[in-house]
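Structure file input-v1.txt; described as compact mmCIF, C-alpha atoms and all ligand atoms.
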```txt
# COMPACT_ATOMS: atom_id res chain seq x y z
CA MET A 1 3.48 -13.99 6.31
CA LYS A 2 1.87 -14.82 9.65
CA PHE A 3 1.33 -12.04 12.18
CA ILE A 4 0.44 -12.38 15.85
CA ARG A 5 -0.21 -10.16 18.86
CA PHE A 6 0.89 -11.31 22.28
CA ILE A 7 1.82 -10.42 25.82
CA SER A 8 5.40 -10.96 26.89
CA GLU A 9 7.24 -9.83 30.01
CA ASN A 10 7.43 -6.38 28.37
CA GLY A 11 3.69 -6.01 27.76
CA GLU A 12 1.57 -6.12 24.61
CA LYS A 13 3.42 -6.59 21.32
CA SER A 14 2.85 -7.49 17.71
CA GLY A 15 5.11 -9.90 15.93
CA LEU A 16 5.94 -11.84 12.80
CA ILE A 17 6.30 -15.63 12.96
CA ASN A 18 9.60 -16.59 11.30
CA LYS A 19 10.68 -19.79 9.51
CA GLU A 20 11.85 -21.38 12.77
CA ASN A 21 8.35 -20.80 14.21
CA LEU A 22 9.72 -18.14 16.59
CA ILE A 23 8.15 -14.72 16.97
CA ASN A 24 10.16 -11.63 16.04
CA PRO A 25 8.61 -8.52 17.61
CA LEU A 26 7.73 -5.58 15.37
CA LYS A 27 8.71 -1.99 16.07
CA GLN A 28 5.08 -0.95 15.59
CA ASP A 29 1.73 -2.72 15.18
CA TYR A 30 1.20 -4.24 11.73
CA ILE A 31 -2.17 -2.51 11.49
CA ASN A 32 -2.32 1.26 11.63
CA TYR A 33 -5.66 2.06 13.25
CA ASP A 34 -5.23 5.83 13.29
CA SER A 35 -4.52 6.68 9.70
CA ASP A 36 -6.26 5.92 6.46
CA LEU A 37 -3.19 7.08 4.56
CA LYS A 38 -0.77 4.27 5.30
CA ASP A 39 -0.73 1.61 2.64
CA ILE A 40 -1.20 -1.95 3.88
CA ASN A 41 1.98 -2.91 2.08
CA PHE A 42 4.11 -0.61 4.24
CA GLU A 43 7.54 -1.81 5.29
CA ILE A 44 7.19 -4.03 8.36
CA GLU A 45 10.05 -3.19 10.76
CA VAL A 46 11.14 -6.33 12.57
CA ASP A 47 13.27 -6.20 15.72
CA ASN A 48 15.63 -9.07 14.89
CA SER A 49 17.53 -8.67 18.15
CA LYS A 50 14.75 -10.52 20.02
CA SER A 51 12.66 -13.60 19.47
CA TYR A 52 10.04 -15.40 21.54
CA LYS A 53 8.92 -19.01 21.61
CA LEU A 54 5.18 -19.52 21.17
CA GLU A 55 5.03 -21.48 24.46
CA ASP A 56 6.52 -18.56 26.40
CA ILE A 57 3.95 -15.93 25.42
CA LYS A 58 0.22 -15.37 25.81
CA ILE A 59 -1.52 -14.97 22.46
CA ILE A 60 -4.10 -12.16 22.33
CA GLU A 61 -6.56 -11.17 19.59
CA PRO A 62 -4.58 -10.53 16.37
CA VAL A 63 -6.52 -7.33 15.70
CA LYS A 64 -8.66 -4.75 17.53
CA PRO A 65 -11.67 -4.21 15.27
CA SER A 66 -13.94 -1.17 15.51
CA LYS A 67 -16.69 -3.47 14.20
CA ILE A 68 -17.25 -7.07 13.16
CA VAL A 69 -19.48 -7.45 10.12
CA CYS A 70 -20.84 -10.97 9.77
CA VAL A 71 -22.43 -12.72 6.83
CA GLY A 72 -25.52 -14.67 7.83
CA LEU A 73 -25.65 -17.37 5.20
CA ASN A 74 -22.84 -17.97 2.78
CA TYR A 75 -22.54 -21.76 2.33
CA ILE A 76 -25.38 -23.42 0.43
CA GLU A 77 -25.53 -26.56 2.63
CA HIS A 78 -25.74 -24.45 5.82
CA GLY A 79 -28.82 -22.71 4.41
CA GLU A 80 -30.41 -26.10 3.79
CA GLU A 81 -29.79 -27.25 7.40
CA LEU A 82 -31.38 -24.04 8.77
CA ASN A 83 -34.24 -24.20 6.23
CA MET A 84 -33.28 -20.83 4.79
CA ASP A 85 -33.57 -19.82 1.13
CA ILE A 86 -30.35 -19.21 -0.77
CA PRO A 87 -29.94 -15.42 -0.89
CA ASN A 88 -29.22 -13.47 -4.08
CA GLU A 89 -27.25 -10.93 -2.06
CA PRO A 90 -25.38 -11.32 1.26
CA LYS A 91 -27.37 -11.05 4.48
CA ILE A 92 -25.28 -9.16 7.02
CA PHE A 93 -25.37 -8.34 10.72
CA LEU A 94 -22.95 -6.91 13.29
CA LYS A 95 -21.26 -8.26 16.38
CA PRO A 96 -19.99 -5.60 18.79
CA SER A 97 -16.22 -5.21 19.24
CA THR A 98 -16.68 -6.14 22.93
CA THR A 99 -17.41 -9.79 22.00
CA THR A 100 -13.83 -10.74 21.07
CA ILE A 101 -11.63 -13.14 23.00
CA PRO A 102 -8.28 -14.65 21.96
CA HIS A 103 -7.14 -18.20 21.26
CA GLU A 104 -7.23 -20.44 24.37
CA GLU A 105 -9.67 -18.27 26.33
CA LYS A 106 -13.09 -19.24 27.73
CA ILE A 107 -16.46 -18.65 26.05
CA ASN A 108 -18.99 -17.73 28.73
CA TYR A 109 -22.32 -19.64 28.79
CA PRO A 110 -24.89 -16.93 29.63
CA SER A 111 -27.79 -17.80 31.94
CA MET A 112 -30.23 -16.13 29.49
CA THR A 113 -29.84 -18.93 26.92
CA ASN A 114 -30.24 -22.71 26.74
CA GLN A 115 -28.44 -23.27 23.43
CA VAL A 116 -25.01 -21.89 22.60
CA ASP A 117 -23.79 -22.96 19.13
CA TYR A 118 -20.35 -22.76 17.50
CA GLU A 119 -19.96 -21.43 13.94
CA GLY A 120 -16.48 -21.86 12.43
CA GLU A 121 -15.67 -19.10 9.93
CA LEU A 122 -12.93 -17.56 7.82
CA ALA A 123 -12.49 -13.87 8.75
CA ILE A 124 -11.18 -11.05 6.56
CA VAL A 125 -9.00 -8.44 8.29
CA ILE A 126 -9.29 -4.99 6.68
CA GLY A 127 -5.89 -3.31 6.17
CA LYS A 128 -6.92 0.06 4.83
CA LYS A 129 -9.95 2.29 5.34
CA CYS A 130 -12.29 1.85 2.39
CA LYS A 131 -15.72 2.66 0.94
CA ASP A 132 -17.44 1.76 -2.33
CA ILE A 133 -14.88 -0.76 -3.54
CA GLU A 134 -15.47 -2.98 -6.56
CA ALA A 135 -14.75 -6.69 -6.04
CA ASN A 136 -11.79 -6.72 -8.42
CA TYR A 137 -10.01 -4.12 -6.24
CA ALA A 138 -11.06 -5.60 -2.89
CA ARG A 139 -7.80 -7.50 -2.27
CA ASP A 140 -5.92 -4.15 -2.12
CA TYR A 141 -7.79 -3.37 1.13
CA ILE A 142 -7.44 -6.76 2.81
CA PHE A 143 -4.52 -7.10 5.23
CA GLY A 144 -5.01 -10.85 5.64
CA TYR A 145 -7.20 -13.61 7.01
CA THR A 146 -7.82 -15.19 10.39
CA ILE A 147 -10.24 -17.63 12.07
CA LEU A 148 -13.42 -16.61 13.90
CA ASN A 149 -16.03 -18.49 15.94
CA ASP A 150 -19.38 -16.72 15.48
CA VAL A 151 -20.81 -18.07 18.76
CA THR A 152 -24.61 -17.84 18.75
CA ALA A 153 -27.38 -18.26 21.33
CA ARG A 154 -29.53 -20.20 18.83
CA ASP A 155 -32.71 -20.19 20.95
CA LEU A 156 -32.60 -16.40 21.34
CA GLN A 157 -31.97 -15.99 17.60
CA SER A 158 -35.32 -17.59 16.82
CA ILE A 159 -37.20 -15.97 19.74
CA ASP A 160 -36.06 -12.45 18.82
CA GLY A 161 -36.15 -12.57 15.02
CA GLN A 162 -33.49 -9.84 15.27
CA TRP A 163 -30.07 -11.40 15.76
CA THR A 164 -28.39 -8.80 17.96
CA ARG A 165 -28.95 -10.41 21.37
CA ALA A 166 -28.11 -13.93 20.15
CA LYS A 167 -24.80 -12.84 18.65
CA SER A 168 -23.57 -10.17 21.04
CA PHE A 169 -22.81 -11.66 24.46
CA ASP A 170 -19.32 -10.90 25.75
CA THR A 171 -16.88 -13.71 24.71
CA PHE A 172 -19.07 -14.72 21.72
CA CYS A 173 -16.34 -13.89 19.20
CA PRO A 174 -13.14 -15.93 19.63
CA ILE A 175 -10.64 -14.78 17.01
CA GLY A 176 -7.12 -15.75 15.95
CA PRO A 177 -4.60 -17.11 16.62
CA VAL A 178 -2.73 -15.43 13.74
CA ILE A 179 -3.33 -13.44 10.56
CA ASN A 180 -2.01 -14.90 7.31
CA THR A 181 -1.40 -12.13 4.77
CA ASN A 182 -0.72 -14.27 1.73
CA MET A 183 -2.96 -17.26 1.18
CA ASP A 184 -5.64 -18.30 -1.27
CA ALA A 185 -8.82 -17.43 0.66
CA LYS A 186 -10.97 -19.05 -2.04
CA ASN A 187 -9.63 -22.57 -1.52
CA GLN A 188 -9.08 -23.38 2.17
CA LYS A 189 -10.19 -26.46 4.04
CA ILE A 190 -12.21 -25.39 7.11
CA LYS A 191 -12.97 -27.80 9.97
CA THR A 192 -14.59 -27.47 13.39
CA LYS A 193 -14.06 -30.05 16.11
CA VAL A 194 -15.80 -30.32 19.47
CA ASN A 195 -13.88 -32.42 21.99
CA GLY A 196 -11.83 -33.79 19.08
CA ILE A 197 -14.86 -34.90 17.01
CA ILE A 198 -15.28 -33.32 13.56
CA LYS A 199 -18.54 -31.34 13.33
CA GLN A 200 -17.94 -29.06 10.33
CA ASP A 201 -15.82 -30.09 7.35
CA SER A 202 -15.92 -27.95 4.23
CA ASN A 203 -13.87 -25.72 1.95
CA THR A 204 -14.12 -21.97 1.40
CA ASN A 205 -14.64 -22.75 -2.30
CA ASN A 206 -18.24 -23.65 -1.28
CA MET A 207 -19.02 -20.02 -0.41
CA ILE A 208 -21.93 -18.41 -2.24
CA PHE A 209 -20.17 -14.99 -2.24
CA ASP A 210 -16.35 -15.00 -2.15
CA THR A 211 -14.24 -12.76 0.10
CA ASN A 212 -13.78 -10.03 -2.50
CA GLU A 213 -17.50 -9.91 -3.32
CA LEU A 214 -18.32 -9.66 0.39
CA LEU A 215 -15.92 -6.78 0.98
CA SER A 216 -17.30 -4.98 -2.07
CA PHE A 217 -20.94 -5.43 -1.01
CA ILE A 218 -20.34 -4.31 2.59
CA SER A 219 -18.16 -1.36 1.56
CA LYS A 220 -21.09 -0.03 -0.51
CA ILE A 221 -23.06 0.21 2.74
CA MET A 222 -20.54 1.30 5.38
CA THR A 223 -16.99 2.60 5.66
CA LEU A 224 -14.64 -0.20 6.69
CA ASN A 225 -11.80 0.91 8.98
CA SER A 226 -8.39 -0.68 9.11
CA GLY A 227 -8.60 -3.52 11.64
CA ASP A 228 -12.28 -4.20 11.00
CA ILE A 229 -13.36 -7.80 10.52
CA ILE A 230 -15.68 -9.46 8.03
CA ALA A 231 -16.81 -12.94 9.14
CA THR A 232 -17.62 -14.80 5.94
CA GLY A 233 -20.29 -17.26 7.14
CA THR A 234 -20.22 -20.83 8.41
CA PRO A 235 -20.47 -24.18 6.61
CA LYS A 236 -23.03 -26.83 7.54
CA GLY A 237 -22.72 -28.77 10.77
CA VAL A 238 -23.43 -26.06 13.35
CA GLY A 239 -24.44 -27.43 16.73
CA PRO A 240 -24.62 -26.85 20.45
CA LEU A 241 -21.86 -26.62 23.02
CA ILE A 242 -22.10 -27.56 26.69
CA LEU A 243 -20.05 -26.57 29.70
CA GLY A 244 -16.61 -28.13 29.61
CA ASP A 245 -16.49 -28.53 25.79
CA ILE A 246 -13.37 -27.69 23.81
CA VAL A 247 -14.08 -26.15 20.40
CA GLU A 248 -11.37 -26.00 17.74
CA ILE A 249 -11.62 -24.42 14.29
CA THR A 250 -8.87 -25.17 11.80
CA ILE A 251 -8.26 -23.39 8.51
CA GLU A 252 -5.51 -24.94 6.39
CA ASP A 253 -3.12 -22.02 5.93
CA ILE A 254 -3.89 -20.18 9.20
CA GLY A 255 -3.86 -22.73 12.02
CA THR A 256 -6.23 -23.70 14.84
CA LEU A 257 -8.34 -21.45 17.07
CA ARG A 258 -9.08 -23.28 20.36
CA ASN A 259 -11.52 -22.15 23.08
CA TYR A 260 -13.21 -23.63 26.13
CA ILE A 261 -16.84 -23.39 27.23
MG MG A 301 -22.07 -16.98 11.40
```

How would this structure read if it were set down as structure tokens?
Ligand code: MG
Amino acid sequence: MKFIRFISENGEKSGLINKENLINPLKQDYINYDSDLKDINFEIEVDNSKSYKLEDIKIIEPVKPSKIVCVGLNYIEHGEELNMDIPNEPKIFLKPSTTTIPHEEKINYPSMTNQVDYEGELAIVIGKKCKDIEANYARDYIFGYTILNDVTARDLQSIDGQWTRAKSFDTFCPIGPVINTNMDAKNQKIKTKVNGIIKQDSNTNNMIFDTNELLSFISKIMTLNSGDIIATGTPKGVGPLILGDIVEITIEDIGTLRNYI
């Protein structure tokens, strides 16, 4: 099932995309941010009396995370291009929740940097509050998957050593356009295009740590809230963006996340 959040004439709504590619609004958000009791497999209540065409609505971020946990290096060939050693456990960092922007919105080019890079990534959306989860139970806590661009001020990343400044500018986390709740996260083609030219072309089966292993590892450090995001790392082919560029990340069973610089 594919879920989406959007703005219609009646304000912010969440919806389910049906077989005709129309959006049926839901009676309540598909993620319950307030309670850790609700199971992620709760009955989704669809309002079948209404439907919206995708071209008539404005898509917004599919989730409102309290935090975005990112994995620094999770595709072997990306480590080689950055001259980094292959890790024996995931390297993680955080992006603040204030970095997110939706599909079709603009990434700001801050004056503090001279190199803004794209990083196309598969993102896990947490469906249920969790802590200390073993990998073989991780899927029970995942609501679904979406696309994320881990935009990075590459020059500041090397100047600082610490990654916080490089990763945390407002607009540096495009996310969406939809969440797919039932797909094989371990075998998805992932592609990034800049102005229509392919820059990253890989498959999630090239990950060093798979989605369930990542959730397990991170949950042994911090509590993950429903709606939180885990960005699973980027394949090789990262590179700079300039003003006016269009960056598009496509993951087979999710769709395309498009943003403008
Ligand atoms: Mg990244």

Please, which residues in chain A fall within 6 Å of ligand MG 301 (chain A) when counting all atoms listed in the file, and what is the closest atom pair and distance in Å to one decimal for each, ordered by chain then residue number, as CSV?
```
residue,atom,partner,partner_atom,distance
A:Gly72,CA,A:MG301,MG,5.5
A:Glu119,CA,A:MG301,MG,5.5
A:Asp150,CA,A:MG301,MG,4.9
A:Gly233,CA,A:MG301,MG,4.6
A:Thr234,CA,A:MG301,MG,5.2
```

For Ile175 in chain A, please output as a VMD selection string all residues within 9 Å (counting all atoms listed in the file; exclusion window: fewer than 5 positions along the same chain).
chain A and resid 60 to 63 100 to 103 123 146 to 149 257

Contact check, range 177-219 of chain A to range 225-229 of chain A, at most 12 Å, counting all atoms listed in the file, closest pairs as a tab-separated table:
```
residue	atom	partner	partner_atom	distance
A:Ile179	CA	A:Gly227	CA	11.3
A:Thr211	CA	A:Ile229	CA	11.6
A:Leu214	CA	A:Ile229	CA	11.4
A:Leu215	CA	A:Ile229	CA	9.9
A:Ile218	CA	A:Ile229	CA	11.1
A:Ser219	CA	A:Asn225	CA	10.0
```

Please produce an output containing C-alpha atoms for each residue in the selection, written as a PDB file, in the coordinates of the input.
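As a result, out_22.pdb now contains:
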```pdb
ATOM      1  CA  ILE A 179      -3.330 -13.440  10.560  1.00  0.00           C
ATOM      2  CA  THR A 211     -14.240 -12.760   0.100  1.00  0.00           C
ATOM      3  CA  LEU A 214     -18.320  -9.660   0.390  1.00  0.00           C
ATOM      4  CA  LEU A 215     -15.920  -6.780   0.980  1.00  0.00           C
ATOM      5  CA  ILE A 218     -20.340  -4.310   2.590  1.00  0.00           C
ATOM      6  CA  SER A 219     -18.160  -1.360   1.560  1.00  0.00           C
TER       7      SER A 219
END
```

Coordinates of box centre and edge lengths for range 136-147 of chain A, 4 Å on every side, axis-aligned, as JSON:
```
{"center_x": -8.2, "center_y": -10.5, "center_z": 1.8, "size_x": 15.3, "size_y": 22.3, "size_z": 28.5}
```

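With distances taken over all atoms listed in the file, A:Lys236 is the one residue among A:Lys106, A:Lys236, A:Lys53, A:Arg258 lying closest to His78 in chain A.
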
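Residues surrounding range 140-144 of chain A within 9 Å are Lys2, Ile31, Asp39, Ile40, Asn41, Ala123, Ile124, Val125, Ile126, Gly127, Lys128, Lys129, Cys130, Ile133, Ile179, Asn180, Thr181, Asn182, Met183, Asn212, Leu215, Ser226 and Gly227 of chain A [only C-alpha atoms; sequence separation below 6 positions excluded].
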
Dump C-alpha atoms for the selected residues as a short mmCIF file (atom, residue, chain, number, x, y, z; two decimals), in the coordinates of the input?
```cif
data_model
loop_
_atom_site.label_atom_id
_atom_site.label_comp_id
_atom_site.auth_asym_id
_atom_site.auth_seq_id
_atom_site.Cartn_x
_atom_site.Cartn_y
_atom_site.Cartn_z
CA LYS A 2 1.87 -14.82 9.65
CA ILE A 31 -2.17 -2.51 11.49
CA ASP A 39 -0.73 1.61 2.64
CA ILE A 40 -1.20 -1.95 3.88
CA ASN A 41 1.98 -2.91 2.08
CA ALA A 123 -12.49 -13.87 8.75
CA ILE A 124 -11.18 -11.05 6.56
CA VAL A 125 -9.00 -8.44 8.29
CA ILE A 126 -9.29 -4.99 6.68
CA GLY A 127 -5.89 -3.31 6.17
CA LYS A 128 -6.92 0.06 4.83
CA LYS A 129 -9.95 2.29 5.34
CA CYS A 130 -12.29 1.85 2.39
CA ILE A 133 -14.88 -0.76 -3.54
CA ILE A 179 -3.33 -13.44 10.56
CA ASN A 180 -2.01 -14.90 7.31
CA THR A 181 -1.40 -12.13 4.77
CA ASN A 182 -0.72 -14.27 1.73
CA MET A 183 -2.96 -17.26 1.18
CA ASN A 212 -13.78 -10.03 -2.50
CA LEU A 215 -15.92 -6.78 0.98
CA SER A 226 -8.39 -0.68 9.11
CA GLY A 227 -8.60 -3.52 11.64
#
```

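If all atoms listed in the file are the atoms counted, then among A:Leu16, A:Met222, A:Leu122, A:Ile249 the closest residue to Ile92 in chain A is A:Met222.
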
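Distance check against Thr98 in chain A using all atoms listed in the file: of A:Gly120, A:Pro174, A:Pro110, A:Gly79, the minimum falls on A:Pro174.
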
Close residues, range 192-207 of chain A itself excluded, 9 Å, all atoms listed in the file, min 4 positions apart in chain, as a ChimeraX atom specification:
/A:74-77,118-120,122,185-188,211,232-239,241,245-251

Find the nearest atom pair between each residue of range 31-76 of chain A and range 3-14 of chain A for residues within 12 Å, count only C-alpha atoms, give distances in Å to one decimal, sort rows by chain and ascending number, and present the table as a Markdown table.
```
| residue | atom | partner | partner_atom | distance |
| --- | --- | --- | --- | --- |
| A:Ile31 | CA | A:Ser14 | CA | 9.4 |
| A:Asn32 | CA | A:Ser14 | CA | 11.8 |
| A:Ile44 | CA | A:Phe3 | CA | 10.6 |
| A:Glu45 | CA | A:Ser14 | CA | 10.9 |
| A:Val46 | CA | A:Ser14 | CA | 9.8 |
| A:Asp47 | CA | A:Ser14 | CA | 10.7 |
| A:Lys50 | CA | A:Ser8 | CA | 11.6 |
| A:Ser51 | CA | A:Ser8 | CA | 10.7 |
| A:Tyr52 | CA | A:Ser8 | CA | 8.4 |
| A:Lys53 | CA | A:Ser8 | CA | 10.3 |
| A:Leu54 | CA | A:Phe6 | CA | 9.3 |
| A:Glu55 | CA | A:Ser8 | CA | 10.8 |
| A:Asp56 | CA | A:Ser8 | CA | 7.7 |
| A:Ile57 | CA | A:Ser8 | CA | 5.4 |
| A:Lys58 | CA | A:Ile7 | CA | 5.2 |
| A:Ile59 | CA | A:Phe6 | CA | 4.4 |
| A:Ile60 | CA | A:Phe6 | CA | 5.1 |
| A:Glu61 | CA | A:Arg5 | CA | 6.5 |
| A:Pro62 | CA | A:Arg5 | CA | 5.0 |
| A:Val63 | CA | A:Arg5 | CA | 7.6 |
| A:Lys64 | CA | A:Arg5 | CA | 10.1 |
```

Got time to write the residues from that selection, C-alpha atoms, as a PDB file, in the frame of the given file?
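Output file again.pdb is given in full below:
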```
ATOM      1  CA  ILE A  31      -2.170  -2.510  11.490  1.00  0.00           C
ATOM      2  CA  ASN A  32      -2.320   1.260  11.630  1.00  0.00           C
ATOM      3  CA  ILE A  44       7.190  -4.030   8.360  1.00  0.00           C
ATOM      4  CA  GLU A  45      10.050  -3.190  10.760  1.00  0.00           C
ATOM      5  CA  VAL A  46      11.140  -6.330  12.570  1.00  0.00           C
ATOM      6  CA  ASP A  47      13.270  -6.200  15.720  1.00  0.00           C
ATOM      7  CA  LYS A  50      14.750 -10.520  20.020  1.00  0.00           C
ATOM      8  CA  SER A  51      12.660 -13.600  19.470  1.00  0.00           C
ATOM      9  CA  TYR A  52      10.040 -15.400  21.540  1.00  0.00           C
ATOM     10  CA  LYS A  53       8.920 -19.010  21.610  1.00  0.00           C
ATOM     11  CA  LEU A  54       5.180 -19.520  21.170  1.00  0.00           C
ATOM     12  CA  GLU A  55       5.030 -21.480  24.460  1.00  0.00           C
ATOM     13  CA  ASP A  56       6.520 -18.560  26.400  1.00  0.00           C
ATOM     14  CA  ILE A  57       3.950 -15.930  25.420  1.00  0.00           C
ATOM     15  CA  LYS A  58       0.220 -15.370  25.810  1.00  0.00           C
ATOM     16  CA  ILE A  59      -1.520 -14.970  22.460  1.00  0.00           C
ATOM     17  CA  ILE A  60      -4.100 -12.160  22.330  1.00  0.00           C
ATOM     18  CA  GLU A  61      -6.560 -11.170  19.590  1.00  0.00           C
ATOM     19  CA  PRO A  62      -4.580 -10.530  16.370  1.00  0.00           C
ATOM     20  CA  VAL A  63      -6.520  -7.330  15.700  1.00  0.00           C
ATOM     21  CA  LYS A  64      -8.660  -4.750  17.530  1.00  0.00           C
TER      22      LYS A  64
END
```

At most 9 Å from (-19.4, -14.5, 22.8), file frame, only C-alpha atoms: which residues, as a ChimeraX atom specification?
/A:98-101,107-109,149-153,167-174

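Nearest residue to Leu94 in chain A among A:Tyr30, A:Phe209, A:Tyr145, A:Trp163 is A:Trp163, counting all atoms listed in the file.
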
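Among the candidate residues A:Glu89, A:Lys131, A:Leu22, A:Glu80, the one lying nearest to Leu224 in chain A is A:Lys131, with distances computed using only C-alpha atoms.
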
Out of A:Thr256, A:Asn88, A:Asn18, A:Ser66, which residue has the shortest atom-to-atom distance to Pro177 in chain A when counting only C-alpha atoms?
A:Thr256
